[in-house]
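Engineer: One structure coming up, written as structure tokens, with questions to follow.
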Amino acid sequence: MNIWVGVFARGGSKGLPGKNIRPLGGIPLVGHSIRVGLQVSGVSGVICSSDSTEIMACAREYGAEVPFARPASLSSDTSPEIESWKHLARHLLTQGASSDDILVSLPATSPLREVCDVEAAIAKHTSSGADLVVSYTPSTRSPWFNMVIQEDDGGIRPFLREEGSSITRRQDAPPVLSLTTVVYVTSLKYVLEAHDLFDGTVVGVEIPAERAIDIDTELDFHLASFLFELNQRR
């Protein structure tokens with residue numbers, strides 16, 4: 001059984017243009033994912049899936065394989081992530097991979113992950129027999145307590161409030177986990193059969209909050225840069 005790392009990085013980010021090749025600590029975000037992937041024990045290859053010639057060139061520079069350009073139909077704001085996974089899985093199967101092989105996704109938006117985070121997720125996939133392993137951090141926000149929605153008339157109400165519920169303290173709310181983009185682990189077979197990532201059995205590994213920054217905004221990028229520099233000084 002082989003382990004394949006996929007770095008999925010499209011070129012059309014609108015929230016933070018050029019995000020995936022933006023340097024953090026002198027290394028582009030896609031480079032951080034590739035560097036970690038190449039260090040993971042037992043990995044057979046690190047493959048970048050992108051529609052951007054700039055990202056593809058950057059990925060090759062950092063040691064990833066770039067065997068194709070991702071179709072534009074899989075690279076828009078509305079393209080489901082799992083469809084890009086399926087595209088890579090089909091490619092791997094045509095190259096002789098087994099459907100039982102493992103696919104590890106390391107999105108470029110989580111540059112603070114460490115090799116141990118990825119290896120822990122792979123080990124959890126093997127030991128649990130689950131279809132998919134995700135990564136998470138304990139959430140500081142709860143839909144039962146301090147998350148609200150605004151009604152059409154401008155009024156504010158709790159996002160989730162069960163009939164007769166009297167939750168008024170965070171400590172009384174059910175524990176909630178926040179998904180991160182640090183790592184996903186599954187099999188090629190599950191990717192090709194699933195319509196949604198949560199179709200099958202899903203388990204998770206906990207990632208320390210300081211390594212779980214998901215860069216979507218300028219503020220996220222500055223926070224990740226600060227934490228990266230802080231770690232470099234230690």
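By order of appearance in the structure tokens: chains A, B, ..., then residues from 1 within every chain, and ligands from 1 in the order shown.
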Enumerate the residues of segment 39-233 of chain A with a DSSP assignment of alpha helix (DSSP H), computed from the backbone, and present them as an MDAnalysis selection string.
Structural biologist: chainID A and resid 39 53:61 81:94 115:128 188:193 218:233
Engineer: I need the residues of segment 52-183 of chain A that end up classed as strand (DSSP E or B) by DSSP on the backbone, written out as a PyMOL selection string.
Structural biologist: chain A and resi 65+102-105+132-138+148-150+156-158+177-179
Engineer: If you count only C-alpha atoms, which residues fall within 8 Å of Ser187 of chain A, apart from same-chain ones fewer than 5 positions away, as a PyMOL selection string?
Structural biologist: chain A and resi 99-103+131-132
Engineer: When you look at Val43 of chain A with a cut-off of 9 Å (counting only C-alpha atoms), what residues show up, excluding the ones that are within fewer than 6 positions of it in the same chain? I need them as a VMD selection string.
Structural biologist: chain A and resid 2 to 5 37
Engineer: Please save N, CA and C atoms of the selected residues as an mmCIF file, in the first residue's frame.
Structural biologist:
```cif
data_model
loop_
_atom_site.group_PDB
_atom_site.id
_atom_site.type_symbol
_atom_site.label_atom_id
_atom_site.label_comp_id
_atom_site.auth_asym_id
_atom_site.auth_seq_id
_atom_site.Cartn_x
_atom_site.Cartn_y
_atom_site.Cartn_z
ATOM 1 N N ASN A 2 0.590 2.168 -0.905
ATOM 2 C CA ASN A 2 1.350 3.405 -1.011
ATOM 3 C C ASN A 2 0.623 4.563 -0.339
ATOM 4 N N ILE A 3 1.388 5.560 0.019
ATOM 5 C CA ILE A 3 0.838 6.794 0.590
ATOM 6 C C ILE A 3 1.160 7.937 -0.372
ATOM 7 N N TRP A 4 0.108 8.586 -0.866
ATOM 8 C CA TRP A 4 0.270 9.700 -1.794
ATOM 9 C C TRP A 4 -0.178 10.993 -1.121
ATOM 10 N N VAL A 5 0.645 12.013 -1.209
ATOM 11 C CA VAL A 5 0.287 13.322 -0.673
ATOM 12 C C VAL A 5 -0.189 14.197 -1.822
ATOM 13 N N GLY A 37 5.126 17.377 3.356
ATOM 14 C CA GLY A 37 4.745 16.119 2.722
ATOM 15 C C GLY A 37 5.934 15.244 2.379
#
```
Engineer: Quick one, how far is atom CA of Leu179 of chain A from atom CA of Gly204 of chain A?
Structural biologist: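 We find that atom CA of Leu179 of chain A and atom CA of Gly204 of chain A lie 9.0 Å from each other.
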Engineer: Listing only residues of segment 166-194 of chain A within 7 Å of segment 207-230 of chain A, what is the closest atom pair and its distance in Å (to one decimal) for each, using only C-alpha atoms, sorted by chain and residue number ascending, as a Markdown table?
Structural biologist:
```
| residue | atom | partner | partner_atom | distance |
| --- | --- | --- | --- | --- |
| A:Thr180 | CA | A:Ala212 | CA | 6.1 |
| A:Thr181 | CA | A:Asp214 | CA | 6.3 |
| A:Val182 | CA | A:Ala212 | CA | 6.2 |
```
Engineer: Hey, can you spit out that residue selection with C-alpha atoms as a compact mmCIF listing (two decimals), in the first residue's frame?
Structural biologist:
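The file below, selection.txt, is the result:
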```
# COMPACT_ATOMS: atom_id res chain seq x y z
CA THR A 180 -8.96 22.65 10.31
CA THR A 181 -7.25 22.29 6.92
CA VAL A 182 -4.08 20.87 8.48
```
Engineer: When you count only C-alpha atoms, which of these residues is closest to Ile47 of chain A: A:Gly6, A:Pro23, A:Pro17, A:Pro71?
Structural biologist: A:Gly6
